[in-house]
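Data from protein13.cif: mmCIF, C-alpha atoms
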data_final
loop_
_atom_site.group_PDB
_atom_site.id
_atom_site.type_symbol
_atom_site.label_atom_id
_atom_site.label_comp_id
_atom_site.auth_asym_id
_atom_site.auth_seq_id
_atom_site.Cartn_x
_atom_site.Cartn_y
_atom_site.Cartn_z
ATOM 1 C CA MET A 209 16.653 -13.438 -15.213
ATOM 2 C CA ALA A 210 13.355 -14.890 -16.499
ATOM 3 C CA THR A 211 11.873 -12.936 -19.389
ATOM 4 C CA VAL A 212 8.365 -13.499 -20.674
ATOM 5 C CA VAL A 213 7.395 -12.395 -24.176
ATOM 6 C CA PHE A 214 3.994 -10.752 -24.680
ATOM 7 C CA PRO A 215 3.485 -10.538 -28.453
ATOM 8 C CA GLY A 216 0.682 -8.847 -30.310
ATOM 9 C CA THR A 217 -0.296 -6.468 -33.052
ATOM 10 C CA PHE A 218 -1.481 -3.871 -30.500
ATOM 11 C CA ASP A 219 -3.510 -1.975 -33.101
ATOM 12 C CA PRO A 220 -4.333 -0.090 -30.944
ATOM 13 C CA PRO A 221 -3.028 -0.774 -27.439
ATOM 14 C CA THR A 222 -5.993 -1.156 -25.056
ATOM 15 C CA TYR A 223 -6.632 -1.145 -21.339
ATOM 16 C CA GLY A 224 -6.946 -4.934 -21.680
ATOM 17 C CA HIS A 225 -3.379 -5.154 -22.997
ATOM 18 C CA LEU A 226 -2.125 -2.847 -20.258
ATOM 19 C CA SER A 227 -3.893 -4.891 -17.599
ATOM 20 C CA ILE A 228 -2.087 -8.034 -18.767
ATOM 21 C CA ILE A 229 1.240 -6.158 -18.827
ATOM 22 C CA GLU A 230 0.704 -4.721 -15.342
ATOM 23 C CA ARG A 231 -0.279 -8.072 -13.853
ATOM 24 C CA ALA A 232 2.624 -9.828 -15.574
ATOM 25 C CA SER A 233 5.058 -7.171 -14.338
ATOM 26 C CA ARG A 234 4.359 -8.406 -10.808
ATOM 27 C CA LEU A 235 4.932 -12.054 -11.774
ATOM 28 C CA PHE A 236 8.017 -11.986 -13.996
ATOM 29 C CA ASP A 237 11.492 -10.492 -13.806
ATOM 30 C CA HIS A 238 11.143 -8.893 -17.216
ATOM 31 C CA ILE A 239 8.515 -8.561 -19.962
ATOM 32 C CA ASP A 240 9.329 -8.034 -23.613
ATOM 33 C CA VAL A 241 6.247 -6.555 -25.228
ATOM 34 C CA VAL A 242 6.742 -7.528 -28.857
ATOM 35 C CA VAL A 243 4.921 -5.570 -31.526
ATOM 36 C CA SER A 244 4.338 -7.990 -34.377
ATOM 37 C CA VAL A 245 4.953 -6.474 -37.775
ATOM 38 C CA ASN A 246 3.433 -8.156 -40.797
ATOM 39 C CA ASP A 247 3.464 -6.230 -44.062
ATOM 40 C CA LYS A 248 0.568 -8.357 -45.329
ATOM 41 C CA LYS A 249 -1.672 -7.385 -42.397
ATOM 42 C CA LYS A 250 -3.413 -4.036 -42.722
ATOM 43 C CA THR A 251 -3.147 -2.021 -39.525
ATOM 44 C CA LEU A 252 -4.576 1.381 -38.694
ATOM 45 C CA PHE A 253 -1.416 2.494 -36.903
ATOM 46 C CA THR A 254 2.102 2.183 -38.283
ATOM 47 C CA GLU A 255 4.596 0.043 -36.409
ATOM 48 C CA GLU A 256 6.326 3.222 -35.234
ATOM 49 C CA GLU A 257 3.055 4.609 -33.849
ATOM 50 C CA ARG A 258 2.221 1.357 -32.033
ATOM 51 C CA ILE A 259 5.725 1.083 -30.583
ATOM 52 C CA SER A 260 5.671 4.731 -29.512
ATOM 53 C CA MET A 261 2.284 4.389 -27.795
ATOM 54 C CA LEU A 262 3.290 1.181 -25.993
ATOM 55 C CA THR A 263 6.648 2.617 -24.933
ATOM 56 C CA SER A 264 4.893 5.643 -23.462
ATOM 57 C CA LEU A 265 2.151 3.568 -21.804
ATOM 58 C CA THR A 266 4.580 1.105 -20.202
ATOM 59 C CA LYS A 267 7.288 3.522 -19.043
ATOM 60 C CA LYS A 268 5.993 3.297 -15.469
ATOM 61 C CA PHE A 269 7.042 -0.371 -15.361
ATOM 62 C CA SER A 270 10.788 -0.701 -14.813
ATOM 63 C CA ASN A 271 10.776 -4.319 -15.979
ATOM 64 C CA VAL A 272 8.957 -3.840 -19.299
ATOM 65 C CA SER A 273 10.519 -3.097 -22.664
ATOM 66 C CA VAL A 274 8.915 -2.764 -26.090
ATOM 67 C CA HIS A 275 10.369 -4.350 -29.227
ATOM 68 C CA ARG A 276 9.406 -4.863 -32.865
ATOM 69 C CA TRP A 277 9.546 -8.218 -34.611
ATOM 70 C CA ASP A 278 8.642 -9.225 -38.138
ATOM 71 C CA GLY A 279 9.096 -12.980 -37.912
ATOM 72 C CA LEU A 280 7.829 -15.939 -35.943
ATOM 73 C CA VAL A 281 7.550 -15.092 -32.278
ATOM 74 C CA VAL A 282 9.257 -18.383 -31.350
ATOM 75 C CA GLU A 283 12.267 -17.152 -33.332
ATOM 76 C CA TYR A 284 12.229 -13.983 -31.254
ATOM 77 C CA CYS A 285 12.274 -16.230 -28.181
ATOM 78 C CA ARG A 286 15.167 -18.253 -29.590
ATOM 79 C CA LYS A 287 17.108 -15.063 -30.393
ATOM 80 C CA THR A 288 16.567 -13.528 -26.939
ATOM 81 C CA GLY A 289 16.751 -16.741 -24.913
ATOM 82 C CA SER A 290 13.224 -16.383 -23.547
ATOM 83 C CA ARG A 291 11.358 -19.608 -22.893
ATOM 84 C CA MET A 292 7.921 -18.165 -22.090
ATOM 85 C CA LEU A 293 5.173 -16.629 -24.183
ATOM 86 C CA LEU A 294 2.341 -14.816 -22.464
ATOM 87 C CA ARG A 295 -1.144 -14.623 -23.958
ATOM 88 C CA GLY A 296 -4.262 -12.944 -22.612
ATOM 89 C CA ILE A 297 -7.546 -14.747 -23.136
ATOM 90 C CA ARG A 298 -11.085 -13.384 -22.864
ATOM 91 C CA ASN A 299 -13.220 -16.460 -23.493
ATOM 92 C CA THR A 300 -13.277 -20.046 -24.727
ATOM 93 C CA VAL A 301 -12.960 -18.923 -28.339
ATOM 94 C CA ASP A 302 -9.727 -17.085 -27.492
ATOM 95 C CA PHE A 303 -8.548 -20.074 -25.479
ATOM 96 C CA SER A 304 -9.199 -22.512 -28.325
ATOM 97 C CA TYR A 305 -7.315 -20.328 -30.821
ATOM 98 C CA GLU A 306 -4.423 -19.602 -28.442
ATOM 99 C CA PHE A 307 -4.180 -23.241 -27.347
ATOM 100 C CA ASP A 308 -3.858 -24.398 -30.957
ATOM 101 C CA LEU A 309 -1.288 -21.674 -31.615
ATOM 102 C CA SER A 310 0.683 -22.735 -28.530
ATOM 103 C CA LEU A 311 0.908 -26.274 -29.939
ATOM 104 C CA VAL A 312 2.230 -24.941 -33.238
ATOM 105 C CA ASN A 313 4.746 -22.724 -31.428
ATOM 106 C CA ARG A 314 5.863 -25.660 -29.279
ATOM 107 C CA SER A 315 6.403 -27.784 -32.393
ATOM 108 C CA LEU A 316 8.556 -25.000 -33.868
ATOM 109 C CA ASN A 317 10.540 -24.417 -30.666
ATOM 110 C CA GLY A 318 10.197 -27.065 -27.972
ATOM 111 C CA GLU A 319 11.892 -24.797 -25.425
ATOM 112 C CA VAL A 320 9.008 -22.305 -25.403
ATOM 113 C CA GLU A 321 6.027 -22.628 -23.060
ATOM 114 C CA THR A 322 2.868 -20.566 -23.462
ATOM 115 C CA LEU A 323 1.213 -19.156 -20.363
ATOM 116 C CA PHE A 324 -2.354 -17.835 -20.403
ATOM 117 C CA ILE A 325 -3.685 -15.024 -18.241
ATOM 118 C CA PRO A 326 -7.443 -14.510 -18.272
ATOM 119 C CA THR A 327 -8.586 -10.964 -18.936
ATOM 120 C CA GLU A 328 -10.073 -9.019 -16.058
ATOM 121 C CA GLN A 329 -13.851 -9.049 -16.264
ATOM 122 C CA ARG A 330 -14.088 -5.293 -16.864
ATOM 123 C CA TYR A 331 -12.039 -5.707 -20.060
ATOM 124 C CA PHE A 332 -13.821 -8.812 -21.284
ATOM 125 C CA LEU A 333 -15.555 -7.114 -24.230
ATOM 126 C CA ILE A 334 -12.619 -5.000 -25.396
ATOM 127 C CA ARG A 335 -11.495 -5.911 -28.911
ATOM 128 C CA SER A 336 -9.216 -3.761 -31.021
ATOM 129 C CA SER A 337 -11.491 -4.143 -34.057
ATOM 130 C CA SER A 338 -14.536 -2.980 -32.063
ATOM 131 C CA ILE A 339 -12.624 -0.030 -30.653
ATOM 132 C CA LYS A 340 -11.581 1.094 -34.130
ATOM 133 C CA GLU A 341 -15.150 0.801 -35.405
ATOM 134 C CA LEU A 342 -16.541 2.755 -32.437
ATOM 135 C CA ALA A 343 -13.900 5.443 -32.879
ATOM 136 C CA ARG A 344 -14.643 5.667 -36.604
ATOM 137 C CA LEU A 345 -18.325 6.238 -35.821
ATOM 138 C CA GLY A 346 -17.590 8.785 -33.083
ATOM 139 C CA GLY A 347 -18.505 6.519 -30.145
ATOM 140 C CA ASP A 348 -17.127 6.817 -26.622
ATOM 141 C CA ILE A 349 -14.020 4.647 -26.273
ATOM 142 C CA SER A 350 -12.628 6.298 -23.135
ATOM 143 C CA ALA A 351 -13.235 3.200 -20.979
ATOM 144 C CA MET A 352 -11.390 0.980 -23.462
ATOM 145 C CA VAL A 353 -8.172 2.823 -24.247
ATOM 146 C CA PRO A 354 -5.870 5.290 -22.479
ATOM 147 C CA PRO A 355 -6.318 8.989 -23.317
ATOM 148 C CA GLU A 356 -3.307 9.161 -25.652
ATOM 149 C CA VAL A 357 -4.623 6.203 -27.670
ATOM 150 C CA GLU A 358 -8.096 7.756 -27.760
ATOM 151 C CA LYS A 359 -6.575 10.987 -29.070
ATOM 152 C CA ALA A 360 -4.597 9.099 -31.725
ATOM 153 C CA LEU A 361 -7.726 7.232 -32.830
ATOM 154 C CA LYS A 362 -9.713 10.465 -33.079
ATOM 155 C CA GLN A 363 -6.944 11.956 -35.217
ATOM 156 C CA LYS A 364 -6.983 8.932 -37.521
ATOM 157 C CA PHE A 365 -10.728 9.189 -37.980
ATOM 158 C CA SER A 366 -11.190 12.953 -37.992
ATOM 159 C CA PRO A 367 -12.791 14.098 -41.216
ATOM 160 C CA VAL A 368 -10.400 15.663 -43.659
ATOM 161 C CA LYS A 369 -11.529 19.156 -44.494
ATOM 162 C CA LYS A 370 -11.523 19.838 -48.183
ATOM 163 C CA VAL A 371 -10.059 23.071 -49.359
ATOM 164 C CA ASP A 372 -11.939 24.586 -52.306
#
Since I need it in another form, could you write the structure as structure tokens?
Amino acid sequence: MATVVFPGTFDPPTYGHLSIIERASRLFDHIDVVVSVNDKKKTLFTEEERISMLTSLTKKFSNVSVHRWDGLVVEYCRKTGSRMLLRGIRNTVDFSYEFDLSLVNRSLNGEVETLFIPTEQRYFLIRSSSIKELARLGGDISAMVPPEVEKALKQKFSPVKKVD
């Protein structure tokens, strides 16, 4: 069975991520959504929160599973026997970065190929950093993230009431 690995920080998961997962679920036998964990990278959501949200959001896909990984993604591929990495790209800047990364990954594990799926036009401007900033400032993010992610973001940014 061919498994493709879709790695990312997913901080937070967006409709753009889910679009890639949904489209890939029709193309591949199985998708491992791999939540990258890097203690040196500051994330808004804990790894447990990101995994929980993604598990909930992808439960409708019978061929998708969510995993955590704290090493090189090509090592995850080696461990699981997957030979394909999936990356979503929004523009030429993304492509340039992802292309360079694919060359590095290939040099580390020559068995792994990277496949690119362009983002749907309606999700072209969605960036996790922009979503977090909008949520922090009280902006409308409902078109960018599923309701449960929107709720989680609002909880993260809700003002803490001081008790006198």
- Within 12 Å of A:Leu342 using only C-alpha atoms, minus same-chain residues under 6 positions, as an MDAnalysis selection string: chainID A and resid 334:336 348:353 358 361:362 365
- Among the residues A:Arg298, A:Asp237, A:Ser290, A:Ile228, the one that comes closest to A:Leu333 [using all atoms listed in the file]: A:Arg298
- Message: Could you tell me, as number ranges by chain, exactly which residues end up selected when the PyMOL selection byres ((chain A and resi 329) around 12) is applied to this structure?
- Response: A: 223-224, 227, 297-299, 325-328, 330-334
Could you turn the residues from that selection into a file that holds C-alpha atoms, as an mmCIF file, in the frame of the given file?
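The resulting file, selection-v4.cif, is reproduced below:
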data_model
loop_
_atom_site.group_PDB
_atom_site.id
_atom_site.type_symbol
_atom_site.label_atom_id
_atom_site.label_comp_id
_atom_site.auth_asym_id
_atom_site.auth_seq_id
_atom_site.Cartn_x
_atom_site.Cartn_y
_atom_site.Cartn_z
ATOM 1 C CA TYR A 223 -6.632 -1.145 -21.339
ATOM 2 C CA GLY A 224 -6.946 -4.934 -21.680
ATOM 3 C CA SER A 227 -3.893 -4.891 -17.599
ATOM 4 C CA ILE A 297 -7.546 -14.747 -23.136
ATOM 5 C CA ARG A 298 -11.085 -13.384 -22.864
ATOM 6 C CA ASN A 299 -13.220 -16.460 -23.493
ATOM 7 C CA ILE A 325 -3.685 -15.024 -18.241
ATOM 8 C CA PRO A 326 -7.443 -14.510 -18.272
ATOM 9 C CA THR A 327 -8.586 -10.964 -18.936
ATOM 10 C CA GLU A 328 -10.073 -9.019 -16.058
ATOM 11 C CA ARG A 330 -14.088 -5.293 -16.864
ATOM 12 C CA TYR A 331 -12.039 -5.707 -20.060
ATOM 13 C CA PHE A 332 -13.821 -8.812 -21.284
ATOM 14 C CA LEU A 333 -15.555 -7.114 -24.230
ATOM 15 C CA ILE A 334 -12.619 -5.000 -25.396
#
- Message: Show me the residues around (4.4, -17.8, -11.2) - criterion: an atom at most 12 Å away, only C-alpha atoms counted - as a VMD selection string.
- Response: chain A and resid 210 212 231 to 237 292 294 323 to 325
- To one decimal in Å, tell me the separation between atom CA of A:Val243 and atom CA of A:Leu280. 11.6 Å
- Task: Evaluate the PyMOL selection byres ((chain A and resi 306) around 10) on the structure here and hand back the selected residues as a PyMOL selection string.
- Result: chain A and resi 295-297+300-305+307-312+322-324
- Message: Applying 8 Å and all atoms listed in the file, which residues near stretch 281-283 of chain A remain after dropping the ones on its own chain fewer than 5 positions away? List them as a PyMOL selection string.
- Response: chain A and resi 215+313+316-317+320
- Evaluate the PyMOL selection byres ((chain A and resi 255-269) around 8) and record the selected residues as an MDAnalysis selection string, following the chain and residue labels used in the document. chainID A and resid 218:221 226 230 233 243 245 253:254 270:276 356:357
- Task: Record the distance separating atom CA of A:Val242 and atom CA of A:Ala343, expressed in Å with one decimal.
- Result: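 Atom CA of A:Ala343 lies 24.7 Å from atom CA of A:Val242.
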- What is the distance, in Å and to one decimal place, between atom CA of A:Arg314 and atom CA of A:Gly289?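 Result for atom CA of A:Arg314 versus atom CA of A:Gly289: 14.7 Å, one decimal.
With only C-alpha atoms as the atoms that count, the residue of A:Thr211, A:Ile239, A:Asp247, A:Gln363 with the shortest distance to A:Arg286 is A:Thr211.
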- Item | Nearest to A:Ser337 by atom-to-atom distance, counting all atoms listed in the file, from A:Thr251, A:His225, A:Val241, A:Phe214 |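 Closest to A:Ser337 of all the choices is A:Thr251.
Here the question is which of A:Cys285, A:Gly346, A:Arg291, A:Ser338 gets nearest to A:Lys359 using all atoms listed in the file, and that residue is A:Gly346.
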- Item | Which residue of A:Gly279, A:Pro355, A:Gly347, A:Gly216 approaches A:Asp240 most closely, using all atoms listed in the file |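 Closest to A:Asp240 of all the choices is A:Gly216.
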Provide stretch 265-292 of chain A rebuilt to N, CA and C atoms, formatted as a compact mmCIF listing (two decimals), keeping the file's coordinate frame.
# COMPACT_ATOMS: atom_id res chain seq x y z
N LEU A 265 3.11 4.14 -22.76
CA LEU A 265 2.15 3.57 -21.80
C LEU A 265 2.79 2.63 -20.79
N THR A 266 3.95 2.07 -21.11
CA THR A 266 4.58 1.10 -20.20
C THR A 266 5.80 1.67 -19.48
N LYS A 267 6.08 2.95 -19.66
CA LYS A 267 7.29 3.52 -19.04
C LYS A 267 7.26 3.47 -17.52
N LYS A 268 6.08 3.36 -16.93
CA LYS A 268 5.99 3.30 -15.47
C LYS A 268 6.43 1.94 -14.92
N PHE A 269 6.60 0.95 -15.79
CA PHE A 269 7.04 -0.37 -15.36
C PHE A 269 8.53 -0.52 -15.66
N SER A 270 9.33 -0.63 -14.62
CA SER A 270 10.79 -0.70 -14.81
C SER A 270 11.23 -2.01 -15.45
N ASN A 271 10.38 -3.02 -15.44
CA ASN A 271 10.78 -4.32 -15.98
C ASN A 271 10.08 -4.66 -17.30
N VAL A 272 9.63 -3.63 -18.01
CA VAL A 272 8.96 -3.84 -19.30
C VAL A 272 9.71 -3.08 -20.38
N SER A 273 9.94 -3.77 -21.49
CA SER A 273 10.52 -3.10 -22.66
C SER A 273 9.71 -3.47 -23.90
N VAL A 274 9.71 -2.59 -24.88
CA VAL A 274 8.91 -2.76 -26.09
C VAL A 274 9.86 -2.98 -27.27
N HIS A 275 9.53 -3.98 -28.08
CA HIS A 275 10.37 -4.35 -29.23
C HIS A 275 9.50 -4.58 -30.45
N ARG A 276 10.09 -4.54 -31.61
CA ARG A 276 9.41 -4.86 -32.86
C ARG A 276 9.95 -6.19 -33.35
N TRP A 277 9.10 -6.95 -34.05
CA TRP A 277 9.55 -8.22 -34.61
C TRP A 277 8.70 -8.52 -35.84
N ASP A 278 9.37 -8.95 -36.90
CA ASP A 278 8.64 -9.22 -38.14
C ASP A 278 8.75 -10.69 -38.57
N GLY A 279 9.01 -11.55 -37.62
CA GLY A 279 9.10 -12.98 -37.91
C GLY A 279 8.26 -13.78 -36.94
N LEU A 280 8.53 -15.07 -36.89
CA LEU A 280 7.83 -15.94 -35.94
C LEU A 280 8.23 -15.56 -34.52
N VAL A 281 7.27 -15.50 -33.66
CA VAL A 281 7.55 -15.09 -32.28
C VAL A 281 8.46 -16.11 -31.58
N VAL A 282 8.36 -17.39 -31.96
CA VAL A 282 9.26 -18.38 -31.35
C VAL A 282 10.70 -18.14 -31.77
N GLU A 283 10.91 -17.52 -32.92
CA GLU A 283 12.27 -17.15 -33.33
C GLU A 283 12.77 -15.97 -32.51
N TYR A 284 11.86 -15.07 -32.17
CA TYR A 284 12.23 -13.98 -31.25
C TYR A 284 12.67 -14.59 -29.92
N CYS A 285 11.92 -15.56 -29.44
CA CYS A 285 12.27 -16.23 -28.18
C CYS A 285 13.64 -16.90 -28.28
N ARG A 286 13.88 -17.58 -29.39
CA ARG A 286 15.17 -18.25 -29.59
C ARG A 286 16.30 -17.22 -29.58
N LYS A 287 16.08 -16.11 -30.29
CA LYS A 287 17.11 -15.06 -30.39
C LYS A 287 17.42 -14.44 -29.03
N THR A 288 16.37 -14.22 -28.22
CA THR A 288 16.57 -13.53 -26.94
C THR A 288 16.78 -14.48 -25.76
N GLY A 289 16.57 -15.77 -25.99
CA GLY A 289 16.75 -16.74 -24.91
C GLY A 289 15.54 -16.89 -24.01
N SER A 290 14.44 -16.24 -24.36
CA SER A 290 13.22 -16.38 -23.55
C SER A 290 12.59 -17.74 -23.81
N ARG A 291 12.00 -18.31 -22.76
CA ARG A 291 11.36 -19.61 -22.89
C ARG A 291 9.88 -19.54 -22.57
N MET A 292 9.33 -18.31 -22.45
CA MET A 292 7.92 -18.16 -22.09
C MET A 292 7.23 -17.13 -22.97
